[in-house]
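Asker: Data: query_35.txt, compact mmCIF, C-alpha atoms.
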```txt
# COMPACT_ATOMS: atom_id res chain seq x y z
CA MET Q 1 132.13 168.42 79.53
CA ALA Q 2 130.63 171.60 80.93
CA SER Q 3 132.95 174.49 81.62
CA PHE Q 4 133.37 175.88 85.10
CA ASN Q 5 131.00 178.50 86.44
CA LEU Q 6 129.79 179.56 89.89
CA THR Q 7 126.44 177.81 89.34
CA ASN Q 8 127.86 174.32 88.92
CA PHE Q 9 130.45 174.90 91.63
CA ASP Q 10 127.70 176.02 94.03
CA ALA Q 11 125.78 172.87 93.14
CA ALA Q 12 128.86 170.80 93.90
CA MET Q 13 129.27 172.48 97.27
CA LYS Q 14 125.60 171.94 98.13
CA HIS Q 15 125.92 168.27 97.20
CA MET Q 16 129.02 167.75 99.32
CA TYR Q 17 128.00 169.79 102.37
CA PRO Q 18 124.32 169.32 103.22
CA TYR Q 19 123.52 170.60 106.71
CA LYS Q 20 123.38 167.20 108.45
CA LYS Q 21 126.79 166.28 107.10
CA VAL Q 22 128.20 169.63 108.22
CA GLU Q 23 126.71 169.08 111.67
CA ASN Q 24 128.32 165.65 111.90
CA MET Q 25 131.68 166.96 110.68
CA VAL Q 26 131.66 169.70 113.31
CA TYR Q 27 130.17 167.79 116.24
CA GLN Q 28 131.59 164.30 115.79
CA HIS Q 29 134.75 164.76 117.89
CA ASN Q 30 133.28 167.23 120.38
CA PRO Q 31 131.09 165.33 122.87
CA LEU Q 32 129.61 168.24 124.83
CA LEU Q 33 129.04 170.31 121.69
CA ALA Q 34 127.29 167.34 120.09
CA MET Q 35 125.13 166.46 123.09
CA ILE Q 36 124.07 169.90 124.30
CA PRO Q 37 120.43 170.58 123.27
CA LYS Q 38 120.14 172.86 120.22
CA GLU Q 39 117.61 175.52 119.33
CA THR Q 40 117.95 177.19 115.94
CA SER Q 41 115.61 180.10 116.64
CA PHE Q 42 117.16 183.25 118.13
CA PRO Q 43 115.07 186.21 116.90
CA GLY Q 44 115.49 189.79 118.05
CA ARG Q 45 118.52 191.35 119.71
CA ASN Q 46 118.68 188.92 122.64
CA ALA Q 47 117.03 186.02 124.43
CA THR Q 48 115.48 187.09 127.73
CA TYR Q 49 114.32 184.48 130.22
CA ALA Q 50 113.75 184.36 133.96
CA VAL Q 51 115.44 182.09 136.50
CA GLU Q 52 113.63 181.62 139.80
CA TYR Q 53 116.01 181.73 142.75
CA GLY Q 54 113.62 182.27 145.68
CA LEU Q 55 110.11 181.19 146.62
CA THR Q 56 107.43 183.48 147.96
CA ASN Q 57 107.62 184.23 151.68
CA GLY Q 58 103.84 184.37 151.96
CA ARG Q 59 103.61 181.03 153.72
CA SER Q 60 103.03 180.38 157.39
CA ALA Q 61 101.03 178.21 159.73
CA ASN Q 62 99.46 181.51 160.79
CA PHE Q 63 97.24 183.08 158.12
CA GLN Q 64 97.90 186.67 159.17
CA THR Q 65 101.67 186.11 159.06
CA ALA Q 66 101.45 184.51 155.63
CA GLN Q 67 99.37 187.44 154.40
CA ASN Q 68 101.71 190.04 155.88
CA ASN Q 69 104.79 188.43 154.34
CA ARG Q 70 103.31 187.77 150.94
CA ASN Q 71 105.43 188.80 147.99
CA GLY Q 72 106.30 187.55 144.56
CA THR Q 73 108.83 184.85 143.82
CA LYS Q 74 112.43 185.97 143.35
CA LEU Q 75 113.26 186.10 139.66
CA SER Q 76 116.25 187.32 137.68
CA ASP Q 77 116.06 187.97 133.96
CA PHE Q 78 119.08 186.77 131.99
CA VAL Q 79 119.42 188.81 128.80
CA VAL Q 80 121.61 186.62 126.60
CA THR Q 81 123.11 188.23 123.52
CA ARG Q 82 124.57 186.57 120.42
CA VAL Q 83 128.20 186.22 119.47
CA LYS Q 84 129.62 185.37 116.05
CA ASP Q 85 132.32 183.11 114.69
CA TYR Q 86 133.49 182.58 111.12
CA ALA Q 87 135.55 180.29 108.93
CA VAL Q 88 136.35 181.50 105.40
CA VAL Q 89 137.35 179.35 102.42
CA SER Q 90 139.07 180.78 99.35
CA VAL Q 91 139.64 178.81 96.14
CA ASP Q 92 141.58 180.41 93.30
CA ASN Q 93 140.00 180.57 89.85
CA GLU Q 94 142.93 178.89 88.06
CA THR Q 95 142.49 175.75 90.15
CA LEU Q 96 138.74 175.78 89.57
CA LEU Q 97 139.13 176.22 85.82
CA ALA Q 98 141.62 173.37 85.70
CA ALA Q 99 138.92 171.11 87.13
CA ASP Q 100 137.15 171.58 83.75
CA GLY Q 101 133.64 171.61 85.22
CA SER Q 102 133.54 167.96 86.26
CA GLU Q 103 131.52 167.59 89.46
CA GLY Q 104 133.98 165.07 90.84
CA SER Q 105 136.91 167.36 90.11
CA LEU Q 106 135.13 170.34 91.59
CA LEU Q 107 134.43 168.39 94.77
CA ASP Q 108 138.10 167.45 95.02
CA VAL Q 109 139.07 171.10 94.58
CA ALA Q 110 136.72 172.29 97.31
CA LYS Q 111 136.99 169.46 99.80
CA SER Q 112 140.42 169.90 101.37
CA LYS Q 113 140.06 173.64 102.00
CA THR Q 114 136.44 173.50 103.12
CA ASP Q 115 137.03 170.54 105.44
CA SER Q 116 139.94 172.41 106.99
CA ALA Q 117 137.85 175.55 107.56
CA LEU Q 118 135.00 173.54 109.10
CA HIS Q 119 137.45 171.68 111.31
CA ALA Q 120 138.83 175.01 112.54
CA LEU Q 121 135.30 176.20 113.32
CA ALA Q 122 134.52 172.91 115.06
CA ARG Q 123 137.63 173.24 117.21
CA ALA Q 124 136.66 176.78 118.17
CA MET Q 125 133.04 175.86 119.01
CA GLY Q 126 134.05 172.72 120.90
CA ARG Q 127 136.58 174.70 122.94
CA ASP Q 128 134.43 177.79 123.49
CA ILE Q 129 131.52 175.84 124.97
CA TYR Q 130 133.76 175.15 127.98
CA ARG Q 131 135.30 178.59 128.36
CA GLY Q 132 134.31 182.00 129.66
CA GLY Q 133 133.83 184.05 126.49
CA THR Q 134 137.12 185.93 126.77
CA GLY Q 135 138.68 184.01 123.87
CA SER Q 136 141.60 182.66 125.92
CA ILE Q 137 143.13 179.36 124.78
CA GLY Q 138 146.09 178.96 127.15
CA VAL Q 139 148.48 180.63 129.58
CA LEU Q 140 152.20 181.17 129.05
CA ASP Q 141 154.17 179.96 132.08
CA GLU Q 142 156.40 182.92 132.93
CA ASP Q 143 158.38 180.84 135.44
CA THR Q 144 159.45 178.43 132.68
CA ALA Q 145 160.09 180.86 129.82
CA ALA Q 146 159.82 184.63 129.57
CA THR Q 147 162.30 185.16 126.75
CA GLY Q 148 163.14 183.58 123.43
CA THR Q 149 160.83 181.98 120.88
CA THR Q 150 159.70 178.86 122.76
CA VAL Q 151 156.41 179.29 124.61
CA THR Q 152 155.71 176.84 127.45
CA LEU Q 153 152.09 176.49 128.56
CA GLN Q 154 151.04 176.26 132.21
CA ALA Q 155 148.72 173.37 131.30
CA ALA Q 156 150.39 171.16 128.71
CA SER Q 157 146.98 169.78 127.68
CA ASP Q 158 146.03 173.24 126.34
CA ILE Q 159 148.41 172.60 123.43
CA VAL Q 160 145.40 171.13 121.57
CA ASN Q 161 144.22 174.73 121.11
CA PHE Q 162 147.25 175.83 119.06
CA GLU Q 163 147.98 175.27 115.37
CA VAL Q 164 150.92 175.95 113.11
CA GLY Q 165 150.25 179.24 111.32
CA MET Q 166 147.91 180.56 114.03
CA ARG Q 167 148.53 184.17 115.02
CA ILE Q 168 148.65 184.73 118.80
CA VAL Q 169 148.08 187.82 120.96
CA ALA Q 170 148.44 188.11 124.74
CA SER Q 171 147.26 189.86 127.90
CA THR Q 172 148.75 189.65 131.39
CA SER Q 173 147.13 187.23 133.82
CA GLY Q 174 147.72 189.86 136.52
CA GLY Q 175 145.02 191.88 134.78
CA ALA Q 176 142.78 188.80 134.70
CA ASP Q 177 141.65 186.76 131.73
CA GLY Q 178 140.05 189.07 129.16
CA SER Q 179 142.01 192.17 130.18
CA ALA Q 180 143.59 194.60 127.71
CA LEU Q 181 146.11 193.12 125.29
CA VAL Q 182 149.79 193.93 125.73
CA ASN Q 183 151.64 196.02 123.17
CA ASN Q 184 148.42 197.16 121.48
CA GLY Q 185 147.49 193.61 120.51
CA ALA Q 186 150.73 192.75 118.72
CA ALA Q 187 150.38 189.31 117.12
CA VAL Q 188 152.97 186.67 116.34
CA GLU Q 189 152.74 183.51 114.22
CA VAL Q 190 153.09 179.98 115.58
CA LEU Q 191 155.88 178.21 113.65
CA THR Q 192 156.10 174.77 115.27
CA VAL Q 193 154.08 172.85 117.87
CA ASN Q 194 155.46 170.21 120.26
CA ARG Q 195 152.29 168.48 121.44
CA SER Q 196 154.10 166.06 123.74
CA ALA Q 197 155.90 168.83 125.65
CA GLY Q 198 153.07 171.37 125.63
CA THR Q 199 155.23 173.99 123.91
CA PHE Q 200 155.26 175.89 120.64
CA THR Q 201 157.66 178.24 118.92
CA ILE Q 202 156.86 181.67 117.53
CA ALA Q 203 158.40 183.66 114.71
CA THR Q 204 159.77 186.47 116.90
CA ALA Q 205 161.17 186.47 120.44
CA MET Q 206 158.31 186.97 122.87
CA GLN Q 207 159.96 189.90 124.66
CA THR Q 208 160.20 191.65 121.28
CA VAL Q 209 156.52 191.10 120.57
CA TRP Q 210 155.04 191.51 124.06
CA GLY Q 211 157.74 193.42 125.96
CA THR Q 212 159.42 192.38 129.20
CA ILE Q 213 157.39 189.53 130.69
CA THR Q 214 157.07 189.68 134.47
CA ASP Q 215 153.80 187.78 134.76
CA ASP Q 216 152.09 184.82 133.13
CA LEU Q 217 150.51 185.84 129.83
CA VAL Q 218 147.01 184.78 128.80
CA LEU Q 219 147.05 183.77 125.12
CA TYR Q 220 144.38 184.26 122.46
CA CYS Q 221 143.93 183.62 118.76
CA GLU Q 222 144.09 186.97 116.97
CA GLY Q 223 140.61 188.47 116.63
CA ASP Q 224 139.09 186.45 119.50
CA ALA Q 225 140.35 188.33 122.56
CA GLN Q 226 137.93 190.25 124.75
CA ASN Q 227 140.68 192.89 125.13
CA GLY Q 228 139.13 194.56 128.17
CA GLY Q 229 135.77 195.05 126.47
CA THR Q 230 132.75 192.83 125.89
CA ALA Q 231 133.17 189.08 125.41
CA ALA Q 232 133.39 188.28 121.71
CA LYS Q 233 133.16 184.50 122.11
CA MET Q 234 130.54 182.09 123.40
CA SER Q 235 129.91 182.27 127.15
CA GLY Q 236 130.55 178.63 127.94
CA LEU Q 237 130.45 176.49 131.05
CA SER Q 238 133.15 178.41 132.93
CA ALA Q 239 131.11 181.60 132.48
CA TRP Q 240 127.83 180.08 133.64
CA LEU Q 241 129.48 177.95 136.37
CA PRO Q 242 132.49 179.99 137.52
CA ALA Q 243 135.11 178.28 139.68
CA SER Q 244 134.80 181.07 142.26
CA ALA Q 245 131.51 182.39 143.57
CA PRO Q 246 130.28 185.16 141.24
CA THR Q 247 130.48 188.77 142.36
CA SER Q 248 127.88 191.48 141.89
CA ALA Q 249 129.28 192.23 138.42
CA ALA Q 250 126.44 191.87 135.92
CA PHE Q 251 126.37 188.64 133.90
CA PHE Q 252 123.84 189.00 131.09
CA SER Q 253 122.25 191.76 133.24
CA VAL Q 254 122.03 189.60 136.41
CA ASP Q 255 123.73 190.18 139.77
CA ARG Q 256 124.42 186.54 140.60
CA SER Q 257 125.88 187.28 144.03
CA VAL Q 258 122.36 187.46 145.56
CA ASP Q 259 122.28 183.65 145.28
CA ALA Q 260 125.61 182.42 143.94
CA THR Q 261 124.38 178.82 143.74
CA ARG Q 262 121.01 179.13 142.03
CA LEU Q 263 122.21 181.86 139.68
CA GLY Q 264 125.87 180.87 139.29
CA GLY Q 265 125.97 177.10 139.67
CA GLN Q 266 127.64 174.93 142.27
CA ARG Q 267 131.36 174.67 143.01
CA LEU Q 268 133.26 171.82 144.57
CA ALA Q 269 136.98 171.68 145.38
CA GLY Q 270 138.00 168.04 145.14
CA ALA Q 271 141.74 168.57 145.41
CA PHE Q 272 142.13 166.30 148.46
CA ALA Q 273 139.94 163.47 147.20
CA THR Q 274 140.06 160.97 144.36
CA ILE Q 275 138.17 161.83 141.16
CA ARG Q 276 135.60 159.17 141.99
CA GLU Q 277 135.05 160.62 145.47
CA SER Q 278 134.82 164.14 144.04
CA LEU Q 279 132.13 163.05 141.60
CA ILE Q 280 130.11 161.35 144.31
CA ASP Q 281 130.37 164.42 146.57
CA GLY Q 282 129.42 166.67 143.65
CA ALA Q 283 126.40 164.55 142.75
CA VAL Q 284 125.20 164.64 146.37
CA GLN Q 285 125.62 168.41 146.50
CA VAL Q 286 123.71 168.96 143.24
CA ALA Q 287 120.95 166.56 144.30
CA ARG Q 288 120.59 168.45 147.60
CA GLU Q 289 119.72 171.58 145.61
CA GLY Q 290 117.14 169.74 143.52
CA GLY Q 291 119.24 168.96 140.45
CA ARG Q 292 119.26 165.66 138.59
CA PRO Q 293 122.66 165.58 136.85
CA ASP Q 294 122.99 163.03 134.08
CA ALA Q 295 126.35 163.72 132.40
CA VAL Q 296 129.90 164.59 133.42
CA PHE Q 297 132.55 165.92 131.02
CA MET Q 298 136.28 165.90 131.75
CA ASN Q 299 139.66 165.98 130.06
CA PRO Q 300 140.81 162.59 128.68
CA LEU Q 301 143.74 162.56 131.14
CA ASP Q 302 141.35 162.84 134.08
CA TRP Q 303 138.96 160.35 132.49
CA ALA Q 304 141.79 157.82 132.17
CA GLU Q 305 142.68 158.23 135.85
CA LEU Q 306 139.04 157.68 136.80
CA ALA Q 307 138.74 154.64 134.54
CA LYS Q 308 141.77 153.02 136.17
CA SER Q 309 140.46 153.71 139.67
CA LEU Q 310 137.05 152.25 138.82
CA GLU Q 311 138.66 149.09 137.47
CA GLY Q 312 140.64 148.66 140.66
CA THR Q 313 137.60 149.28 142.86
CA VAL Q 314 135.48 146.73 141.05
CA ALA Q 315 138.21 144.11 141.07
CA ALA Q 316 138.84 144.56 144.80
CA ASN Q 317 135.18 144.47 145.77
CA SER Q 318 133.98 141.66 143.56
CA GLY Q 319 136.96 139.41 143.15
CA ALA Q 320 136.78 139.95 139.42
CA SER Q 321 139.88 140.03 137.30
CA PRO Q 322 141.36 143.55 137.01
CA ASN Q 323 141.03 143.20 133.24
CA ARG Q 324 137.31 142.59 133.40
CA ARG Q 325 135.28 145.72 132.81
CA ARG Q 326 132.34 146.22 135.12
CA TYR Q 327 132.02 149.95 134.48
CA ASP Q 328 131.24 149.49 130.81
CA SER Q 329 131.75 151.98 128.04
CA LYS Q 330 128.58 152.56 126.13
CA ASP Q 331 127.36 154.45 123.11
CA SER Q 332 124.80 156.79 124.65
CA VAL Q 333 124.59 159.09 121.61
CA ALA Q 334 124.20 156.79 118.64
CA THR Q 335 124.77 159.47 116.03
CA PHE Q 336 128.27 160.22 117.27
CA GLY Q 337 129.25 157.06 119.15
CA PHE Q 338 130.72 158.57 122.31
CA SER Q 339 131.80 156.14 125.00
CA SER Q 340 131.22 156.79 128.67
CA LEU Q 341 131.93 155.43 132.11
CA SER Q 342 129.00 155.01 134.49
CA LEU Q 343 128.83 155.89 138.16
CA ALA Q 344 125.91 155.62 140.57
CA ALA Q 345 124.62 158.93 141.94
CA PRO Q 346 121.74 159.82 144.30
CA THR Q 347 119.42 160.69 141.41
CA GLY Q 348 120.49 157.97 138.96
CA MET Q 349 123.47 156.89 136.91
CA LEU Q 350 126.00 159.46 135.74
CA ASP Q 351 127.51 159.06 132.26
CA ILE Q 352 131.09 160.32 132.28
CA TYR Q 353 132.60 161.45 128.97
CA ALA Q 354 136.14 162.30 127.91
CA ASP Q 355 136.30 165.56 125.95
CA HIS Q 356 139.66 166.94 124.82
CA ASN Q 357 138.17 170.45 124.90
CA CYS Q 358 137.62 170.32 128.67
CA PRO Q 359 140.44 171.90 130.70
CA GLU Q 360 142.57 169.44 132.66
CA ASN Q 361 141.93 169.02 136.40
CA ARG Q 362 138.36 170.29 136.15
CA CYS Q 363 135.12 168.59 135.25
CA TYR Q 364 131.53 169.70 134.77
CA MET Q 365 128.55 167.82 136.15
CA LEU Q 366 125.50 168.79 134.12
CA GLN Q 367 121.79 168.32 133.93
CA LEU Q 368 121.69 168.51 130.15
CA ASP Q 369 118.04 169.51 129.80
CA THR Q 370 118.83 172.82 131.55
CA TRP Q 371 121.19 173.86 128.74
CA LYS Q 372 120.62 175.15 125.24
CA LEU Q 373 122.89 176.20 122.39
CA LYS Q 374 120.65 178.85 120.87
CA THR Q 375 121.54 180.05 117.37
CA LEU Q 376 120.18 181.90 114.38
CA GLY Q 377 119.62 178.92 112.12
CA PRO Q 378 121.87 175.86 112.07
CA ALA Q 379 125.32 176.14 113.61
CA PRO Q 380 127.52 176.23 111.71
CA ARG Q 381 125.97 177.17 108.39
CA LEU Q 382 127.01 178.42 104.98
CA LEU Q 383 126.42 182.17 105.05
CA ASP Q 384 124.47 182.49 101.82
CA PHE Q 385 121.66 184.87 102.81
CA ASP Q 386 121.83 186.66 99.45
CA GLY Q 387 121.35 183.35 97.63
CA LEU Q 388 124.99 183.23 96.54
CA LYS Q 389 127.02 180.49 98.16
CA GLY Q 390 130.23 181.66 96.52
CA ILE Q 391 131.39 185.26 96.21
CA ARG Q 392 133.93 186.55 93.71
CA GLN Q 393 136.77 188.08 95.67
CA ALA Q 394 137.29 191.77 95.03
CA ASN Q 395 141.08 191.79 95.52
CA GLU Q 396 142.00 188.19 94.68
CA ASP Q 397 141.59 185.95 91.63
CA GLY Q 398 139.28 183.48 93.31
CA VAL Q 399 136.00 182.56 94.94
CA GLU Q 400 135.24 182.87 98.67
CA TYR Q 401 132.89 180.75 100.77
CA ARG Q 402 131.88 181.88 104.25
CA TRP Q 403 130.83 179.59 107.11
CA GLY Q 404 129.81 180.71 110.57
CA TYR Q 405 127.17 180.93 113.25
CA TYR Q 406 125.38 183.52 115.39
CA GLY Q 407 124.32 182.46 118.86
CA ASN Q 408 125.28 181.67 122.42
CA LEU Q 409 124.96 179.13 125.20
CA LEU Q 410 122.32 179.61 127.87
CA CYS Q 411 121.32 177.78 131.05
CA THR Q 412 117.81 177.79 132.53
CA ALA Q 413 118.84 176.40 135.95
CA PRO Q 414 122.50 177.04 136.83
CA GLY Q 415 122.01 175.66 140.35
CA PHE Q 416 121.32 172.17 138.98
CA ASN Q 417 124.86 172.02 137.57
CA ALA Q 418 128.35 171.99 139.08
CA THR Q 419 131.98 172.70 138.33
CA ILE Q 420 134.41 170.43 140.18
CA ALA Q 421 138.13 171.04 140.68
CA LEU Q 422 140.01 167.74 140.46
CA ALA Q 423 143.47 168.93 141.58
```
What does the file become when written as structure tokens?
Answerer:
Amino acid sequence: MASFNLTNFDAAMKHMYPYKKVENMVYQHNPLLAMIPKETSFPGRNATYAVEYGLTNGRSANFQTAQNNRNGTKLSDFVVTRVKDYAVVSVDNETLLAADGSEGSLLDVAKSKTDSALHALARAMGRDIYRGGTGSIGVLDEDTAATGTTVTLQAASDIVNFEVGMRIVASTSGGADGSALVNNGAAVEVLTVNRSAGTFTIATAMQTVWGTITDDLVLYCEGDAQNGGTAAKMSGLSAWLPASAPTSAAFFSVDRSVDATRLGGQRLAGAFATIRESLIDGAVQVAREGGRPDAVFMNPLDWAELAKSLEGTVAANSGASPNRRRYDSKDSVATFGFSSLSLAAPTGMLDIYADHNCPENRCYMLQLDTWKLKTLGPAPRLLDFDGLKGIRQANEDGVEYRWGYYGNLLCTAPGFNATIALA
């Protein structure tokens, strides 16, 4: 039996984690991340592309008027920059040597740690594609708890973003999401997670770590927070389609306030309507602006409420049994097997997906062909640009493997997409 060396371990890793398998591992439980169009070419410092938000005014039934008013179309150049994210695997040499060089044993050694690292990266990518780039993963509810070691989240569904052992930092919501961190970015470790209650406990009392809490705190995984500077994470849907009309503040070099719809997407407040009614209103609004939305993504709790309402509507209108499905689930992405509900819209049928990464009480109505996850090479990938998949650790008795990606999300027609508040 061959003895262990980095060559045969690298071969084992390559055998176990070919790109397609890595893609499936990362995308399989993240519907939007899986379905968003991908482009693995992102050369240069940024991706610059123009969005047309106004037609030429050189048109009139009177030739002289048309000539006098002629001008170019209104264009804004989005200059999209890359962000980075990493997951690092470390395997100690003693464990590797004990495997005695057997490929099967080496795979067993690597699998649990590598799968865990890739899962962590998948969770981050799946979550970030919905969020604003600030790195936030939840908000501490100051009204419920401002002292002690038990953190209660404003939205209990955000508990999916927290893990035992994660180190958390905070900023005040009064300073807005992405503002400077409190107490110089002091971090504290998550000890336990109560996923039913939407709470977790930390190692040190929160007032000791973050000082006297008089406002809700925005929470971040250590190393991800914008901290008052430039966004370090992917600019996801909530960045491209903000819930409030965008201001003149530059977004990838564009002042979106000149046309908040065509440059910043559409917004619909559906708080006083059912989810079904909100979706219909949203589809009509997007269609009015020329969009052809084909997919809706929402939190599973909202999806369940919609599913129940659709069942009741069909049963009442058709005389069918309430247990008979007329809004059928279907596998619209065969590779991943995501189920969807269907709803008629002015421009065609909408496929409605449940995605645990989507914030509760908000959904996104998208025309998918206007979106692109643009990256340098596959995302994620093994970072082996020097030809070495594994690297001997300088300060530890082990081997390190680095996974990550470089890229960002971009939208070529924000106005053909909408964000809809459901409560």
Asker: For Q:Ala145, which residue out of Q:Phe252, Q:Phe200, Q:Phe297, Q:Tyr53 is the nearest one, using only C-alpha atoms?
Answerer: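 Among the listed residues, the smallest separation from Q:Ala145 belongs to Q:Phe200.
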Asker: Calculate how many Å separate atom CA of Q:Val151 from atom CA of Q:Asp128, rounding to one decimal.
Answerer: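 Going from atom CA of Q:Val151 over to atom CA of Q:Asp128, I get 22.1 Å.
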Asker: (138.2, 169.5, 144.1) in this file's frame - what residues fall within 9 Å of it? Use all atoms listed in the file and give the answer as number ranges by chain.
Answerer: Q: 267-275, 278, 361-362, 420-423
Asker: By how many Å are atom CA of Q:Leu181 and atom CA of Q:Leu118 apart?
Answerer: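 Atom CA of Q:Leu181 sits 27.7 Å away from atom CA of Q:Leu118.
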Asker: Between Q:Asp77, Q:Glu289, Q:Glu305, Q:Asp397, which is the closest to Q:Arg276 once you count only C-alpha atoms?
Answerer: Q:Glu305
Asker: Within 6 Å of stretch 224-234 of chain Q, counting all atoms listed in the file, which residues show up once you throw out same-chain ones fewer than 5 positions away? Write them as number ranges by chain, please.
Answerer: Q: 83, 128, 133-135, 178-181, 408
Asker: So that I can see what lies close to Q:Ala418, please list as a ChimeraX atom specification the residues with an atom at most 7 Å from it, counting only C-alpha atoms and leaving out residues fewer than 3 positions away in the same chain.
Answerer: /Q:241,265-267,286,364-366
Asker: Which residues are near stretch 162-176 of chain Q? Cut-off 7 Å, only C-alpha atoms, ignore same chain within fewer than 5 positions. Put them as a list in words.
Answerer: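 So the residues in contact are Leu181, Val182, Gly185, Ala186, Ala187, Val188, Glu189, Val190, Leu191, Thr192, Val193, Asp215, Asp216, Leu217, Val218, Leu219, Tyr220, Cys221 and Glu222 of chain Q.
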Asker: To one decimal place in Å, what is the distance between atom CA of Q:Lys38 and atom CA of Q:Cys363?
Answerer: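 If I compute the distance from atom CA of Q:Lys38 to atom CA of Q:Cys363, I get 21.6 Å.
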Asker: For Q:Val254, which residue out of Q:Asn46, Q:Asn57, Q:Ser76, Q:Thr150 is the nearest one, using all atoms listed in the file?
Answerer: Q:Ser76
Asker: Restricting the calculation to all atoms listed in the file, which member of Q:Thr412, Q:Asn299, Q:Asn62, Q:Asn395 is positioned closest to Q:Asn30?
Answerer: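 Ranking Q:Thr412, Q:Asn299, Q:Asn62, Q:Asn395 by distance to Q:Asn30, first place goes to Q:Asn299.
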Asker: So that I can see what lies close to stretch 42-44 of chain Q, please list as an MDAnalysis selection string the residues with an atom at most 9 Å from it, counting only C-alpha atoms and leaving out residues fewer than 6 positions away in the same chain.
Answerer: chainID Q and resid 82 374:377 406:407
Asker: Select, from Q:Gly126, Q:Gly58, Q:Gly72, Q:Pro414, the residue with the minimum atom-to-atom distance to Q:Leu32, counting all atoms listed in the file.
Answerer: Q:Gly126
Asker: Neighbouring residues of Q:Tyr86 were defined as those with any atom within 10 Å, considering all atoms listed in the file; residues of the same chain fewer than 6 positions away were excluded. Please report them as a PyMOL selection string.
Answerer: chain Q and resi 117-118+120-121+124+380-383+402-406
Asker: Save stretch 114-130 of chain Q of the structure in the block above to a file, with N, CA and C atoms included, as a PDB file, in the first residue's frame.
Answerer:
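Here's the written file selection_16.pdb:
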```
ATOM      1  N   THR Q 114     -14.307  18.797   4.270  1.00  0.00           N
ATOM      2  CA  THR Q 114     -14.504  19.527   3.024  1.00  0.00           C
ATOM      3  C   THR Q 114     -15.982  19.763   2.764  1.00  0.00           C
ATOM      4  N   ASP Q 115     -16.814  18.753   2.997  1.00  0.00           N
ATOM      5  CA  ASP Q 115     -18.257  18.933   2.817  1.00  0.00           C
ATOM      6  C   ASP Q 115     -18.774  20.043   3.720  1.00  0.00           C
ATOM      7  N   SER Q 116     -18.276  20.097   4.950  1.00  0.00           N
ATOM      8  CA  SER Q 116     -18.714  21.127   5.879  1.00  0.00           C
ATOM      9  C   SER Q 116     -18.316  22.515   5.388  1.00  0.00           C
ATOM     10  N   ALA Q 117     -17.093  22.653   4.879  1.00  0.00           N
ATOM     11  CA  ALA Q 117     -16.632  23.943   4.378  1.00  0.00           C
ATOM     12  C   ALA Q 117     -17.448  24.378   3.164  1.00  0.00           C
ATOM     13  N   LEU Q 118     -17.725  23.440   2.256  1.00  0.00           N
ATOM     14  CA  LEU Q 118     -18.512  23.772   1.074  1.00  0.00           C
ATOM     15  C   LEU Q 118     -19.951  24.121   1.448  1.00  0.00           C
ATOM     16  N   HIS Q 119     -20.476  23.436   2.453  1.00  0.00           N
ATOM     17  CA  HIS Q 119     -21.828  23.753   2.910  1.00  0.00           C
ATOM     18  C   HIS Q 119     -21.869  25.172   3.478  1.00  0.00           C
ATOM     19  N   ALA Q 120     -20.838  25.540   4.231  1.00  0.00           N
ATOM     20  CA  ALA Q 120     -20.781  26.894   4.779  1.00  0.00           C
ATOM     21  C   ALA Q 120     -20.718  27.934   3.664  1.00  0.00           C
ATOM     22  N   LEU Q 121     -19.952  27.649   2.617  1.00  0.00           N
ATOM     23  CA  LEU Q 121     -19.851  28.567   1.487  1.00  0.00           C
ATOM     24  C   LEU Q 121     -21.174  28.627   0.734  1.00  0.00           C
ATOM     25  N   ALA Q 122     -21.829  27.478   0.592  1.00  0.00           N
ATOM     26  CA  ALA Q 122     -23.136  27.440  -0.067  1.00  0.00           C
ATOM     27  C   ALA Q 122     -24.157  28.257   0.698  1.00  0.00           C
ATOM     28  N   ARG Q 123     -24.152  28.136   2.022  1.00  0.00           N
ATOM     29  CA  ARG Q 123     -25.087  28.910   2.836  1.00  0.00           C
ATOM     30  C   ARG Q 123     -24.829  30.405   2.657  1.00  0.00           C
ATOM     31  N   ALA Q 124     -23.560  30.791   2.640  1.00  0.00           N
ATOM     32  CA  ALA Q 124     -23.238  32.204   2.476  1.00  0.00           C
ATOM     33  C   ALA Q 124     -23.662  32.709   1.102  1.00  0.00           C
ATOM     34  N   MET Q 125     -23.368  31.968   0.039  1.00  0.00           N
ATOM     35  CA  MET Q 125     -23.734  32.395  -1.311  1.00  0.00           C
ATOM     36  C   MET Q 125     -25.251  32.431  -1.483  1.00  0.00           C
ATOM     37  N   GLY Q 126     -25.934  31.396  -0.980  1.00  0.00           N
ATOM     38  CA  GLY Q 126     -27.386  31.344  -1.098  1.00  0.00           C
ATOM     39  C   GLY Q 126     -28.059  32.483  -0.367  1.00  0.00           C
ATOM     40  N   ARG Q 127     -27.511  32.870   0.781  1.00  0.00           N
ATOM     41  CA  ARG Q 127     -28.051  33.980   1.565  1.00  0.00           C
ATOM     42  C   ARG Q 127     -27.697  35.325   0.934  1.00  0.00           C
ATOM     43  N   ASP Q 128     -26.441  35.474   0.508  1.00  0.00           N
ATOM     44  CA  ASP Q 128     -25.967  36.761   0.005  1.00  0.00           C
ATOM     45  C   ASP Q 128     -26.679  37.186  -1.270  1.00  0.00           C
ATOM     46  N   ILE Q 129     -27.127  36.235  -2.069  1.00  0.00           N
ATOM     47  CA  ILE Q 129     -27.755  36.581  -3.344  1.00  0.00           C
ATOM     48  C   ILE Q 129     -29.084  37.304  -3.130  1.00  0.00           C
ATOM     49  N   TYR Q 130     -29.613  37.240  -1.901  1.00  0.00           N
ATOM     50  CA  TYR Q 130     -30.829  37.981  -1.568  1.00  0.00           C
ATOM     51  C   TYR Q 130     -30.537  39.309  -0.881  1.00  0.00           C
TER      52      TYR Q 130
END
```
